[in-house]
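K.L.:
Supplied in C-alpha cells, the structure appears directly below.
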Amino acid sequence: MTAPDDAAILAPRAPLAEPPPAGPAQRWINRYAALGERFFTRLPPQALPDPVWVARSEPLAAALGFPPDWAERPDWRSLDVLAGGAPWRGADPLATVYSGHQFGVWAGQLGDGRALMLGEIETPEGPMELQLKGSGLTPYSRMGDGRAVLRSSIREFLASEAMHHLGIPTTRALAVVGSPLPVRRETIETAAMVLRAAPSFVRFGHFEHFAHHGQPAALKALADDVIERYAPECRAAAHPCAALLEWSARRTAALISDWQAVGFCHGVMNTDNLSILGLTIDYGPFGFLDGFDPGHVCNHSDHQGRYAYARQPGIAWWNLHALAQAMLPLIAGDEEPSEATGELALEAIEPYRAVFAETLQARLRAKLGLVAARDGDEPLADDWLRLMAAERTDYTIAWRRLADFRAADPGPVRDLFLDRAAFDAWAARYAARLAAEQSDDAARAARMKRVNPRFVLRNHLAENAIRAARNGDFSETRRLLKVLERPYDEQPEHSAYADFPPDWAQTLEVSCSS
C-alpha cells in the first residue's frame, strides 16, 4: 500500500448540495480547536456509500442529551452524518497529531490516521468530544487507508458500552454504521464507522509529540488546557504540571486495577493508546479472559507477549515514565531540565504503585464479598487466583459462582476444580474468614453479584455477532448490546451468553488489524 498524498487528502471535496444538518445545534464548544493548528489538521470526513444502521446506544444518546428520535429526525440526517457525510451544523472536524512508543520503541509521529474529532458539545453530564472512527485518509494515516471495517467497528462499539456498564472508565460509542464499500485487510471486508464520545481523547502521545519535536509552547498550551478543563485542582500546586502528572498517574492506577479485577486485556498498551484522563481507549485486539491464565496474550501481533494480562500494570508504569519524560520541560519551567526536575517527575508518578496495589486489593476484597480489610486478605485473594490459574478455571464464571459459596455446601464453585483437595483447603480458609466478620450469606451474595459480572464481552460472543452482521443481520449485535448493558443482572432469558465458551472459541485470533 502506498503512502497517502497530503495534497490529495487536503484537496477540497465536493460542495454540499444542501445546508448542513441541524444536530445538537447551539451546543458546540470546540475548545480543542482553539489550541491552534499545530495540534491538528482540519478536513472533512470521507462519506461511506449506501450506509445502514448496524446498532445504536440509546443510553449514550440520552447521556448526550439527544432527543429520543435523534436517529430518525429528518433535520438531523444522523445516518448520513455518522457515515461521514456533512457534519452537524457547528461541528469543526479535525484530525489531531500525536506521537508515541509502540511496543516499547519510539514510533515517531502518529496521529488520528482514521479518525476525526467532529467537535465538542455541552451535555447534561458535562462537555463531550465526538469522534468518527473510520472516516477516511488524514495526513496522519501513514501507510493506512483511513478506514475501519465492520468487524473491528462492532467489537469497539460493543466493548466501549460493555466497559461503561461494568463501571470501568472508558470512551463510549454512540453507533455503528455499515457500508458495502470494500476494504482490504487480511481479506476483503466491508467498511464501517463508529461515532465515539469521551470527555477528551488526549493521550500520553500528545504530550510526547510536542516534547519530542521541541515545541515547549505547544506542550505548555496542551498541559494548561488539560488542567483548566479536567484537573483545575492542579492549578494551586507549587508545580502544576507535576501535579497534573500525578493526577494522571493516580487515574491510570485505578483504571488498570479495574482491568485486572474484571479480567480485561487491552492488547496494545502503546503510549499513544493511554488516555491522560485514565480512560480505556482504542479497542483493537482486546479480550476478556476465559480460562484464567496470567500470561494470556490476547493480541496475536504481540509476538513477544509484551502486553500479556499480568504485564499490564508494569506496562502502565513504563508508559508513565515516558509521559514523565515528555513533561520534564514543563516541570522545569523557565530553567533547563535538571536532576532535580527528574526527581520531581519521578515523585509525581510514584503514587501509581501504591494506588494500584491498594485499589486492586480493594477490588479483590469486594469480589470476595469481604466488608472490612483484615490481615491475611491479600494472600487469601492471591491463593484463589493461583488456584484458578493452576487449572485455567473460567475467570468470570468462577468469581460469579463464588458469590453463592456456602461453607456447608460449596458444590457449584467446587465443581469447577479437578483438584478438590486444593480447593477444599482454600475454601476452609475462606469460610473461616467469612465467619470472622459474621458474614451473612445472602447479603454477601448480593454484594458480590454487584461487582462480579455475569456477562462480559467474550470473543466468541462478539464473533457470533460479527458473522451475522456480515450477512446483513444486525439483530445479534443489538441483542448482545442489550445484554451487556446489564452485566450484573441474572437475565435468565439470556443465560447462554454467560455460559462456558465453546471449543471453537480457542481458535479465535485478534490482532492489530482488529
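Residue numbering restarts at 1 in every chain; chains get A, B, ... in the order shown in the C-alpha cells, and ligands count up from 1 in that same order.
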Give the strand (DSSP E) residues of region 100-326 of chain A, as DSSP finds them on the backbone, and put them as a PyMOL selection string.

P.N.:
chain A and resi 100-102+105-109+115-121+128-133+148-149+172-184+188-198+264-265+287-288

K.L.:
Nearest residue to Asp302 (chain A) out of A:Glu490, A:Asp145, A:Glu509, A:Asp404, using only C-alpha atoms?

P.N.:
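Smallest separation from Asp302 (chain A) among the options: A:Glu509.
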
K.L.:
Would you list, as a compact mmCIF listing (two decimals) with all heavy atoms, in the first residue's frame, the residues of region 248-354 of chain A that end up in helix (DSSP H, G or I) under DSSP run on this structure's backbone?

P.N.:
# COMPACT_ATOMS: atom_id res chain seq x y z
N SER A 248 -2.77 12.21 36.66
CA SER A 248 -2.94 11.21 35.62
C SER A 248 -2.45 9.85 36.08
O SER A 248 -3.06 8.81 35.78
CB SER A 248 -2.19 11.64 34.35
OG SER A 248 -2.46 10.76 33.29
N ALA A 249 -1.35 9.81 36.83
CA ALA A 249 -0.81 8.55 37.32
C ALA A 249 -1.80 7.85 38.24
O ALA A 249 -1.99 6.63 38.18
CB ALA A 249 0.51 8.79 38.04
N ARG A 250 -2.45 8.61 39.11
CA ARG A 250 -3.42 8.02 40.02
C ARG A 250 -4.63 7.48 39.26
O ARG A 250 -5.15 6.39 39.58
CB ARG A 250 -3.86 9.07 41.06
CG ARG A 250 -2.79 9.41 42.09
CD ARG A 250 -3.23 10.48 43.05
NE ARG A 250 -2.22 10.75 44.07
CZ ARG A 250 -2.10 10.06 45.21
NH1 ARG A 250 -2.95 9.08 45.48
NH2 ARG A 250 -1.15 10.35 46.07
N ARG A 251 -5.09 8.22 38.27
CA ARG A 251 -6.23 7.76 37.49
C ARG A 251 -5.87 6.52 36.67
O ARG A 251 -6.69 5.60 36.51
CB ARG A 251 -6.74 8.89 36.59
CG ARG A 251 -7.36 10.04 37.37
CD ARG A 251 -7.66 11.23 36.47
NE ARG A 251 -8.81 11.00 35.64
CZ ARG A 251 -10.05 11.39 35.92
NH1 ARG A 251 -10.30 12.03 37.06
NH2 ARG A 251 -11.04 11.16 35.09
N THR A 252 -4.65 6.49 36.17
CA THR A 252 -4.20 5.32 35.42
C THR A 252 -4.12 4.11 36.34
O THR A 252 -4.52 3.00 35.94
CB THR A 252 -2.82 5.61 34.79
OG1 THR A 252 -2.94 6.73 33.90
CG2 THR A 252 -2.32 4.40 34.01
N ALA A 253 -3.65 4.29 37.55
CA ALA A 253 -3.57 3.18 38.50
C ALA A 253 -4.95 2.60 38.78
O ALA A 253 -5.13 1.37 38.82
CB ALA A 253 -2.92 3.66 39.80
N ALA A 254 -5.93 3.47 39.00
CA ALA A 254 -7.28 2.98 39.27
C ALA A 254 -7.84 2.25 38.06
O ALA A 254 -8.52 1.21 38.20
CB ALA A 254 -8.18 4.16 39.65
N LEU A 255 -7.56 2.75 36.86
CA LEU A 255 -8.04 2.09 35.65
C LEU A 255 -7.45 0.70 35.50
O LEU A 255 -8.18 -0.27 35.24
CB LEU A 255 -7.69 2.93 34.42
CG LEU A 255 -8.04 2.29 33.07
CD1 LEU A 255 -9.55 2.24 32.89
CD2 LEU A 255 -7.38 3.03 31.92
N ILE A 256 -6.15 0.58 35.66
CA ILE A 256 -5.51 -0.73 35.47
C ILE A 256 -5.99 -1.72 36.53
O ILE A 256 -6.15 -2.92 36.24
CB ILE A 256 -3.97 -0.60 35.49
CG1 ILE A 256 -3.49 0.41 34.45
CG2 ILE A 256 -3.33 -1.96 35.24
CD1 ILE A 256 -3.90 0.12 33.04
N SER A 257 -6.25 -1.25 37.73
CA SER A 257 -6.79 -2.16 38.75
C SER A 257 -8.18 -2.66 38.34
O SER A 257 -8.53 -3.82 38.58
CB SER A 257 -6.84 -1.48 40.12
OG SER A 257 -7.82 -0.46 40.16
N ASP A 258 -8.96 -1.79 37.71
CA ASP A 258 -10.26 -2.22 37.18
C ASP A 258 -10.09 -3.29 36.11
O ASP A 258 -10.83 -4.29 36.09
CB ASP A 258 -11.01 -1.03 36.58
CG ASP A 258 -11.64 -0.12 37.62
OD1 ASP A 258 -11.87 -0.58 38.76
OD2 ASP A 258 -11.92 1.05 37.31
N TRP A 259 -9.15 -3.07 35.20
CA TRP A 259 -8.91 -4.07 34.15
C TRP A 259 -8.54 -5.42 34.75
O TRP A 259 -9.08 -6.46 34.36
CB TRP A 259 -7.76 -3.63 33.25
CG TRP A 259 -8.03 -2.48 32.34
CD1 TRP A 259 -9.17 -1.74 32.23
CD2 TRP A 259 -7.10 -1.93 31.39
NE1 TRP A 259 -9.02 -0.77 31.28
CE2 TRP A 259 -7.77 -0.86 30.75
CE3 TRP A 259 -5.79 -2.23 31.05
CZ2 TRP A 259 -7.14 -0.09 29.75
CZ3 TRP A 259 -5.17 -1.47 30.06
CH2 TRP A 259 -5.84 -0.43 29.42
N GLN A 260 -7.58 -5.40 35.69
CA GLN A 260 -7.10 -6.66 36.25
C GLN A 260 -8.22 -7.38 37.01
O GLN A 260 -8.35 -8.60 36.95
CB GLN A 260 -5.91 -6.41 37.17
CG GLN A 260 -4.71 -5.75 36.50
CD GLN A 260 -4.18 -6.48 35.29
OE1 GLN A 260 -4.38 -6.06 34.16
NE2 GLN A 260 -3.51 -7.59 35.52
N ALA A 261 -9.04 -6.61 37.72
CA ALA A 261 -10.09 -7.22 38.52
C ALA A 261 -11.17 -7.90 37.68
O ALA A 261 -11.69 -8.95 38.04
CB ALA A 261 -10.74 -6.17 39.44
N VAL A 262 -11.47 -7.31 36.52
CA VAL A 262 -12.54 -7.87 35.68
C VAL A 262 -11.99 -8.86 34.66
O VAL A 262 -12.75 -9.54 33.98
CB VAL A 262 -13.32 -6.74 34.99
CG1 VAL A 262 -12.61 -6.22 33.75
CG2 VAL A 262 -14.75 -7.16 34.66
N THR A 271 2.01 3.96 24.19
CA THR A 271 1.78 5.24 24.87
C THR A 271 0.73 6.08 24.15
O THR A 271 0.08 6.92 24.77
CB THR A 271 3.08 6.05 25.00
OG1 THR A 271 3.64 6.28 23.70
CG2 THR A 271 4.08 5.33 25.88
N ASP A 272 0.56 5.86 22.85
CA ASP A 272 -0.47 6.61 22.13
C ASP A 272 -1.85 6.03 22.36
O ASP A 272 -2.85 6.58 21.88
CB ASP A 272 -0.17 6.66 20.63
CG ASP A 272 -0.05 5.27 20.01
OD1 ASP A 272 0.89 4.55 20.38
OD2 ASP A 272 -0.90 4.91 19.17
N ASN A 273 -1.93 4.92 23.10
CA ASN A 273 -3.22 4.30 23.41
C ASN A 273 -3.59 4.41 24.88
O ASN A 273 -4.48 3.69 25.34
CB ASN A 273 -3.23 2.83 23.00
CG ASN A 273 -3.22 2.64 21.49
OD1 ASN A 273 -3.61 3.54 20.75
ND2 ASN A 273 -2.76 1.50 21.03
N TYR A 309 -1.68 -10.18 29.99
CA TYR A 309 -2.56 -9.73 31.07
C TYR A 309 -1.77 -9.35 32.32
O TYR A 309 -1.94 -8.25 32.87
CB TYR A 309 -3.57 -10.83 31.40
CG TYR A 309 -4.30 -10.64 32.70
CD1 TYR A 309 -5.37 -9.76 32.80
CD2 TYR A 309 -3.91 -11.36 33.83
CE1 TYR A 309 -6.04 -9.58 34.00
CE2 TYR A 309 -4.57 -11.19 35.04
CZ TYR A 309 -5.64 -10.30 35.13
OH TYR A 309 -6.29 -10.12 36.33
N ALA A 310 -0.89 -10.22 32.78
CA ALA A 310 -0.17 -9.96 34.05
C ALA A 310 0.84 -8.83 33.92
O ALA A 310 1.29 -8.28 34.93
CB ALA A 310 0.53 -11.24 34.51
N ARG A 311 1.20 -8.47 32.69
CA ARG A 311 2.19 -7.41 32.50
C ARG A 311 1.55 -6.02 32.38
O ARG A 311 2.27 -5.02 32.33
CB ARG A 311 3.02 -7.69 31.24
CG ARG A 311 3.93 -8.91 31.38
CD ARG A 311 4.76 -9.12 30.13
NE ARG A 311 5.74 -10.20 30.32
CZ ARG A 311 6.58 -10.62 29.39
NH1 ARG A 311 6.56 -10.05 28.18
NH2 ARG A 311 7.43 -11.60 29.63
N GLN A 312 0.25 -5.95 32.31
CA GLN A 312 -0.40 -4.65 32.09
C GLN A 312 -0.07 -3.62 33.17
O GLN A 312 0.21 -2.45 32.83
CB GLN A 312 -1.91 -4.84 31.95
CG GLN A 312 -2.30 -5.57 30.68
CD GLN A 312 -3.79 -5.70 30.46
OE1 GLN A 312 -4.27 -5.64 29.34
NE2 GLN A 312 -4.55 -5.91 31.54
N PRO A 313 -0.06 -3.99 34.45
CA PRO A 313 0.30 -2.99 35.47
C PRO A 313 1.71 -2.44 35.26
O PRO A 313 1.94 -1.22 35.41
CB PRO A 313 0.18 -3.75 36.78
CG PRO A 313 -0.79 -4.86 36.49
CD PRO A 313 -0.50 -5.26 35.08
N GLY A 314 2.67 -3.30 34.91
CA GLY A 314 4.04 -2.85 34.69
C GLY A 314 4.18 -2.01 33.44
O GLY A 314 4.97 -1.06 33.40
N ILE A 315 3.40 -2.34 32.41
CA ILE A 315 3.45 -1.55 31.17
C ILE A 315 2.90 -0.15 31.41
O ILE A 315 3.44 0.85 30.90
CB ILE A 315 2.68 -2.25 30.05
CG1 ILE A 315 3.42 -3.53 29.62
CG2 ILE A 315 2.47 -1.33 28.87
CD1 ILE A 315 4.78 -3.29 29.03
N ALA A 316 1.84 -0.04 32.18
CA ALA A 316 1.31 1.29 32.51
C ALA A 316 2.37 2.11 33.25
O ALA A 316 2.52 3.32 33.01
CB ALA A 316 0.04 1.17 33.35
N TRP A 317 3.10 1.47 34.14
CA TRP A 317 4.19 2.13 34.89
C TRP A 317 5.28 2.60 33.91
O TRP A 317 5.77 3.73 34.00
CB TRP A 317 4.72 1.15 35.92
CG TRP A 317 5.89 1.55 36.77
CD1 TRP A 317 7.07 0.89 36.89
CD2 TRP A 317 5.99 2.67 37.66
NE1 TRP A 317 7.90 1.52 37.78
CE2 TRP A 317 7.26 2.62 38.28
CE3 TRP A 317 5.13 3.71 38.00
CZ2 TRP A 317 7.70 3.56 39.19
CZ3 TRP A 317 5.57 4.66 38.91
CH2 TRP A 317 6.83 4.58 39.50
N TRP A 318 5.63 1.75 32.95
CA TRP A 318 6.62 2.11 31.92
C TRP A 318 6.12 3.31 31.12
O TRP A 318 6.87 4.27 30.86
CB TRP A 318 6.84 0.91 31.00
CG TRP A 318 8.00 1.02 30.06
CD1 TRP A 318 9.24 0.49 30.23
CD2 TRP A 318 8.03 1.68 28.78
NE1 TRP A 318 10.06 0.79 29.15
CE2 TRP A 318 9.33 1.51 28.24
CE3 TRP A 318 7.10 2.41 28.04
CZ2 TRP A 318 9.71 2.04 27.00
CZ3 TRP A 318 7.47 2.93 26.80
CH2 TRP A 318 8.76 2.75 26.29
N ASN A 319 4.85 3.28 30.72
CA ASN A 319 4.29 4.37 29.93
C ASN A 319 4.26 5.68 30.71
O ASN A 319 4.43 6.76 30.14
CB ASN A 319 2.88 4.01 29.46
CG ASN A 319 2.88 2.94 28.38
OD1 ASN A 319 3.92 2.61 27.81
ND2 ASN A 319 1.72 2.38 28.10
N LEU A 320 4.03 5.60 32.01
CA LEU A 320 4.05 6.80 32.83
C LEU A 320 5.45 7.41 32.88
O LEU A 320 5.59 8.64 32.94
CB LEU A 320 3.55 6.50 34.24
CG LEU A 320 2.03 6.38 34.38
CD1 LEU A 320 1.65 5.74 35.71
CD2 LEU A 320 1.36 7.76 34.25
N HIS A 321 6.48 6.59 32.85
CA HIS A 321 7.83 7.13 32.76
C HIS A 321 8.03 7.89 31.44
O HIS A 321 8.68 8.94 31.41
CB HIS A 321 8.87 6.01 32.88
CG HIS A 321 9.14 5.59 34.29
ND1 HIS A 321 8.29 4.75 34.99
CD2 HIS A 321 10.14 5.91 35.16
CE1 HIS A 321 8.78 4.55 36.21
NE2 HIS A 321 9.89 5.25 36.33
N ALA A 322 7.46 7.36 30.36
CA ALA A 322 7.55 8.06 29.07
C ALA A 322 6.81 9.39 29.13
O ALA A 322 7.28 10.41 28.60
CB ALA A 322 6.98 7.18 27.95
N LEU A 323 5.65 9.39 29.78
CA LEU A 323 4.91 10.64 29.94
C LEU A 323 5.69 11.62 30.81
O LEU A 323 5.75 12.83 30.51
CB LEU A 323 3.54 10.35 30.56
CG LEU A 323 2.65 11.57 30.84
CD1 LEU A 323 2.31 12.31 29.56
CD2 LEU A 323 1.37 11.14 31.57
N ALA A 324 6.29 11.12 31.89
CA ALA A 324 7.09 11.99 32.76
C ALA A 324 8.25 12.61 32.00
O ALA A 324 8.57 13.79 32.17
CB ALA A 324 7.60 11.19 33.96
N GLN A 325 8.90 11.81 31.15
CA GLN A 325 10.00 12.33 30.34
C GLN A 325 9.51 13.46 29.44
O GLN A 325 10.17 14.50 29.29
CB GLN A 325 10.59 11.20 29.50
CG GLN A 325 11.74 11.61 28.60
CD GLN A 325 13.00 11.95 29.39
OE1 GLN A 325 13.25 11.37 30.44
NE2 GLN A 325 13.79 12.88 28.88
N ALA A 326 8.32 13.27 28.85
CA ALA A 326 7.77 14.30 27.96
C ALA A 326 7.44 15.58 28.71
O ALA A 326 7.52 16.69 28.14
CB ALA A 326 6.52 13.76 27.26
N MET A 327 7.07 15.45 29.98
CA MET A 327 6.65 16.62 30.74
C MET A 327 7.78 17.31 31.50
O MET A 327 7.56 18.32 32.17
CB MET A 327 5.52 16.22 31.71
CG MET A 327 4.25 15.79 30.97
SD MET A 327 2.88 15.39 32.07
CE MET A 327 2.41 17.02 32.64
N LEU A 328 9.01 16.81 31.36
CA LEU A 328 10.15 17.43 32.05
C LEU A 328 10.29 18.92 31.73
O LEU A 328 10.53 19.72 32.65
CB LEU A 328 11.44 16.69 31.71
CG LEU A 328 11.69 15.36 32.41
CD1 LEU A 328 12.99 14.74 31.92
CD2 LEU A 328 11.72 15.54 33.93
N PRO A 329 10.15 19.34 30.46
CA PRO A 329 10.29 20.77 30.20
C PRO A 329 9.25 21.62 30.93
O PRO A 329 9.52 22.76 31.32
CB PRO A 329 10.12 20.88 28.67
CG PRO A 329 10.45 19.52 28.16
CD PRO A 329 9.98 18.57 29.21
N LEU A 330 8.06 21.07 31.10
CA LEU A 330 7.01 21.80 31.81
C LEU A 330 7.32 21.92 33.29
O LEU A 330 7.09 22.96 33.92
CB LEU A 330 5.66 21.10 31.62
CG LEU A 330 5.15 20.99 30.18
CD1 LEU A 330 3.87 20.16 30.15
CD2 LEU A 330 4.92 22.35 29.59
N ILE A 331 7.84 20.83 33.85
CA ILE A 331 8.15 20.83 35.28
C ILE A 331 9.35 21.74 35.56
O ILE A 331 9.41 22.41 36.59
CB ILE A 331 8.40 19.39 35.76
CG1 ILE A 331 7.11 18.56 35.58
CG2 ILE A 331 8.86 19.35 37.20
CD1 ILE A 331 7.29 17.07 35.82
N ALA A 332 10.27 21.78 34.60
CA ALA A 332 11.44 22.65 34.77
C ALA A 332 11.08 24.12 34.66
O ALA A 332 11.76 24.98 35.22
CB ALA A 332 12.50 22.29 33.72
N GLU A 339 18.65 17.32 37.21
CA GLU A 339 18.44 16.13 38.03
C GLU A 339 17.30 16.35 39.00
O GLU A 339 16.48 15.45 39.23
CB GLU A 339 19.73 15.80 38.78
CG GLU A 339 19.63 14.52 39.61
CD GLU A 339 20.94 14.17 40.28
OE1 GLU A 339 22.00 14.67 39.84
OE2 GLU A 339 20.91 13.39 41.26
N ALA A 340 17.19 17.55 39.54
CA ALA A 340 16.10 17.86 40.46
C ALA A 340 14.74 17.80 39.75
O ALA A 340 13.75 17.33 40.32
CB ALA A 340 16.30 19.24 41.08
N THR A 341 14.72 18.26 38.49
CA THR A 341 13.49 18.17 37.72
C THR A 341 13.07 16.72 37.53
O THR A 341 11.90 16.36 37.68
CB THR A 341 13.67 18.82 36.33
OG1 THR A 341 14.16 20.15 36.50
CG2 THR A 341 12.36 18.85 35.57
N GLY A 342 14.06 15.88 37.18
CA GLY A 342 13.77 14.46 37.00
C GLY A 342 13.25 13.81 38.27
O GLY A 342 12.32 13.00 38.23
N GLU A 343 13.83 14.19 39.41
CA GLU A 343 13.37 13.63 40.68
C GLU A 343 11.94 14.06 40.97
O GLU A 343 11.13 13.27 41.49
CB GLU A 343 14.31 14.08 41.80
CG GLU A 343 15.69 13.44 41.73
CD GLU A 343 16.63 13.99 42.78
OE1 GLU A 343 16.22 14.93 43.52
OE2 GLU A 343 17.77 13.49 42.87
N LEU A 344 11.62 15.30 40.63
CA LEU A 344 10.25 15.78 40.85
C LEU A 344 9.27 15.02 39.98
O LEU A 344 8.16 14.67 40.41
CB LEU A 344 10.18 17.28 40.56
CG LEU A 344 8.90 18.02 40.96
CD1 LEU A 344 8.62 17.86 42.45
CD2 LEU A 344 9.04 19.51 40.61
N ALA A 345 9.65 14.74 38.73
CA ALA A 345 8.79 13.98 37.84
C ALA A 345 8.59 12.55 38.34
O ALA A 345 7.47 12.01 38.32
CB ALA A 345 9.37 13.97 36.42
N LEU A 346 9.67 11.93 38.81
CA LEU A 346 9.56 10.58 39.35
C LEU A 346 8.70 10.54 40.60
O LEU A 346 7.93 9.60 40.81
CB LEU A 346 10.95 10.01 39.63
CG LEU A 346 11.82 9.70 38.40
CD1 LEU A 346 13.20 9.24 38.82
CD2 LEU A 346 11.15 8.66 37.50
N GLU A 347 8.84 11.56 41.44
CA GLU A 347 7.99 11.65 42.62
C GLU A 347 6.51 11.77 42.23
O GLU A 347 5.63 11.23 42.91
CB GLU A 347 8.38 12.85 43.47
CG GLU A 347 9.71 12.69 44.21
CD GLU A 347 10.12 13.99 44.91
OE1 GLU A 347 9.30 14.94 44.93
OE2 GLU A 347 11.26 14.05 45.41
N ALA A 348 6.25 12.45 41.11
CA ALA A 348 4.87 12.65 40.68
C ALA A 348 4.21 11.35 40.25
O ALA A 348 3.02 11.16 40.47
CB ALA A 348 4.83 13.67 39.54
N ILE A 349 4.97 10.45 39.63
CA ILE A 349 4.36 9.19 39.19
C ILE A 349 4.46 8.09 40.23
O ILE A 349 3.79 7.06 40.11
CB ILE A 349 4.94 8.71 37.85
CG1 ILE A 349 6.43 8.39 37.97
CG2 ILE A 349 4.68 9.73 36.75
CD1 ILE A 349 7.01 7.73 36.72
N PRO A 351 3.16 7.66 43.15
CA PRO A 351 1.92 7.18 43.75
C PRO A 351 1.21 6.09 42.94
O PRO A 351 0.37 5.37 43.49
CB PRO A 351 1.05 8.44 43.83
CG PRO A 351 2.04 9.56 43.93
CD PRO A 351 3.18 9.13 43.05
N TYR A 352 1.54 5.97 41.66
CA TYR A 352 0.91 4.92 40.85
C TYR A 352 1.01 3.56 41.52
O TYR A 352 0.03 2.81 41.60
CB TYR A 352 1.56 4.85 39.46
CG TYR A 352 1.14 3.62 38.67
CD1 TYR A 352 0.00 3.62 37.89
CD2 TYR A 352 1.90 2.44 38.73
CE1 TYR A 352 -0.39 2.49 37.18
CE2 TYR A 352 1.52 1.30 38.04
CZ TYR A 352 0.37 1.33 37.26
OH TYR A 352 -0.01 0.20 36.58
N ARG A 353 2.20 3.23 42.03
CA ARG A 353 2.41 1.88 42.56
C ARG A 353 1.54 1.60 43.78
O ARG A 353 0.90 0.55 43.88
CB ARG A 353 3.89 1.67 42.87
CG ARG A 353 4.75 1.76 41.62
CD ARG A 353 6.09 1.12 41.80
NE ARG A 353 6.98 1.92 42.65
CZ ARG A 353 8.25 1.61 42.87
NH1 ARG A 353 8.78 0.53 42.31
NH2 ARG A 353 9.01 2.38 43.63
N ALA A 354 1.51 2.57 44.70
CA ALA A 354 0.71 2.36 45.91
C ALA A 354 -0.77 2.39 45.59
O ALA A 354 -1.55 1.57 46.11
CB ALA A 354 1.04 3.42 46.95

K.L.:
With a distance cut-off of 12 Å and only C-alpha atoms, select the neighbouring residues of Ser475 (chain A), excluding the residue or stretch itself and same-chain residues fewer than 4 positions from it, and output the selection as a PyMOL selection string.

P.N.:
chain A and resi 53-56+464-471+479-482

K.L.:
For Ala366 (chain A), find every residue with an atom within 12 Å (counting only C-alpha atoms), except residues of its own chain fewer than 3 positions away, and show them as a PDB file with C-alpha atoms, in the first residue's frame.

P.N.:
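Below you can see result_29.pdb, which holds the result:
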ATOM      1  CA  ALA A 261     -10.094  -7.224  38.525  1.00  0.00           C
ATOM      2  CA  VAL A 262     -12.538  -7.868  35.684  1.00  0.00           C
ATOM      3  CA  THR A 359      -7.081  -0.239  44.658  1.00  0.00           C
ATOM      4  CA  LEU A 360      -6.603  -3.735  43.279  1.00  0.00           C
ATOM      5  CA  GLN A 361      -6.712  -5.221  46.769  1.00  0.00           C
ATOM      6  CA  ALA A 362      -9.901  -3.272  47.466  1.00  0.00           C
ATOM      7  CA  ARG A 363     -11.399  -4.607  44.212  1.00  0.00           C
ATOM      8  CA  GLY A 369     -17.505 -10.333  49.488  1.00  0.00           C
ATOM      9  CA  LEU A 370     -15.401  -9.090  52.397  1.00  0.00           C
ATOM     10  CA  VAL A 371     -16.576  -5.952  54.163  1.00  0.00           C
ATOM     11  CA  ALA A 372     -13.564  -4.793  56.182  1.00  0.00           C
ATOM     12  CA  ALA A 373      -9.860  -5.202  55.469  1.00  0.00           C
ATOM     13  CA  ASP A 377      -6.859 -10.904  52.913  1.00  0.00           C
ATOM     14  CA  GLU A 378      -4.151 -10.394  50.307  1.00  0.00           C
ATOM     15  CA  ALA A 381      -7.066 -13.469  47.245  1.00  0.00           C
ATOM     16  CA  TRP A 399     -15.958 -15.351  40.546  1.00  0.00           C
ATOM     17  CA  LEU A 402     -18.173 -17.844  44.406  1.00  0.00           C
ATOM     18  CA  ALA A 403     -20.970 -15.458  45.326  1.00  0.00           C
ATOM     19  CA  ARG A 444     -22.707 -11.257  50.826  1.00  0.00           C
ATOM     20  CA  ALA A 445     -24.040 -12.907  47.682  1.00  0.00           C
ATOM     21  CA  ALA A 446     -25.914  -9.738  46.753  1.00  0.00           C
ATOM     22  CA  ARG A 447     -22.785  -7.638  47.288  1.00  0.00           C
ATOM     23  CA  MET A 448     -20.624  -9.980  45.257  1.00  0.00           C
ATOM     24  CA  LYS A 449     -23.041 -10.065  42.352  1.00  0.00           C
ATOM     25  CA  ARG A 450     -22.823  -6.291  42.124  1.00  0.00           C
ATOM     26  CA  VAL A 451     -19.062  -6.480  41.440  1.00  0.00           C
ATOM     27  CA  ASN A 452     -18.630  -9.893  39.772  1.00  0.00           C
TER      28      ASN A 452
END

K.L.:
Using only C-alpha atoms, which protein or nucleic acid residues come within 10 Å of region 200-215 of chain A? Drop anything in the same chain fewer than 4 positions from it, and give the result as a PyMOL selection string.

P.N.:
chain A and resi 32+38-39+96-101+106+108-111+117+120+127-131+171+196+219-220+222-223+226+229-230+248+270-279+281-282+319-320+322-330

K.L.:
Point out the residue among A:Gln26, A:Pro502, A:Leu387, A:Thr393 with the least atom-to-atom distance to Asp424 (chain A), counting only C-alpha atoms.

P.N.:
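Closest residue, counting only C-alpha atoms: A:Leu387.
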
K.L.:
Do you know which residues are at most 10 Å from Val177 (chain A) counting only C-alpha atoms, after dropping those on the same chain fewer than 5 positions away, and could you put them as a PyMOL selection string?

P.N.:
chain A and resi 48+50-56+79-84+150+153-154+191-195

K.L.:
Could those residues be written to a file, using C-alpha atoms, as a PDB file, in the first residue's frame?

P.N.:
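Writing done, so here's part.pdb:
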ATOM      1  CA  LEU A  48     -19.378   5.875   3.063  1.00  0.00           C
ATOM      2  CA  ASP A  50     -25.154   3.318   0.959  1.00  0.00           C
ATOM      3  CA  PRO A  51     -24.907   3.472   4.757  1.00  0.00           C
ATOM      4  CA  VAL A  52     -27.083   1.394   7.077  1.00  0.00           C
ATOM      5  CA  TRP A  53     -27.572   1.425  10.843  1.00  0.00           C
ATOM      6  CA  VAL A  54     -25.866  -1.537  12.491  1.00  0.00           C
ATOM      7  CA  ALA A  55     -26.552  -0.647  16.136  1.00  0.00           C
ATOM      8  CA  ARG A  56     -27.046   2.360  18.403  1.00  0.00           C
ATOM      9  CA  LEU A  79     -27.316   8.291   9.377  1.00  0.00           C
ATOM     10  CA  ASP A  80     -25.559  10.412   6.768  1.00  0.00           C
ATOM     11  CA  VAL A  81     -23.597  12.311   9.430  1.00  0.00           C
ATOM     12  CA  LEU A  82     -22.386   9.131  11.120  1.00  0.00           C
ATOM     13  CA  ALA A  83     -21.449   7.692   7.724  1.00  0.00           C
ATOM     14  CA  GLY A  84     -19.110  10.618   7.126  1.00  0.00           C
ATOM     15  CA  LEU A 150     -17.346  -3.816  10.123  1.00  0.00           C
ATOM     16  CA  SER A 153     -16.199  -1.468  14.468  1.00  0.00           C
ATOM     17  CA  ILE A 154     -18.681  -3.883  16.039  1.00  0.00           C
ATOM     18  CA  ALA A 191     -16.324  -0.643   5.744  1.00  0.00           C
ATOM     19  CA  ALA A 192     -17.994   0.846   8.810  1.00  0.00           C
ATOM     20  CA  MET A 193     -17.760   3.869  11.072  1.00  0.00           C
ATOM     21  CA  VAL A 194     -18.177   4.283  14.807  1.00  0.00           C
ATOM     22  CA  LEU A 195     -19.092   7.543  16.489  1.00  0.00           C
TER      23      LEU A 195
END
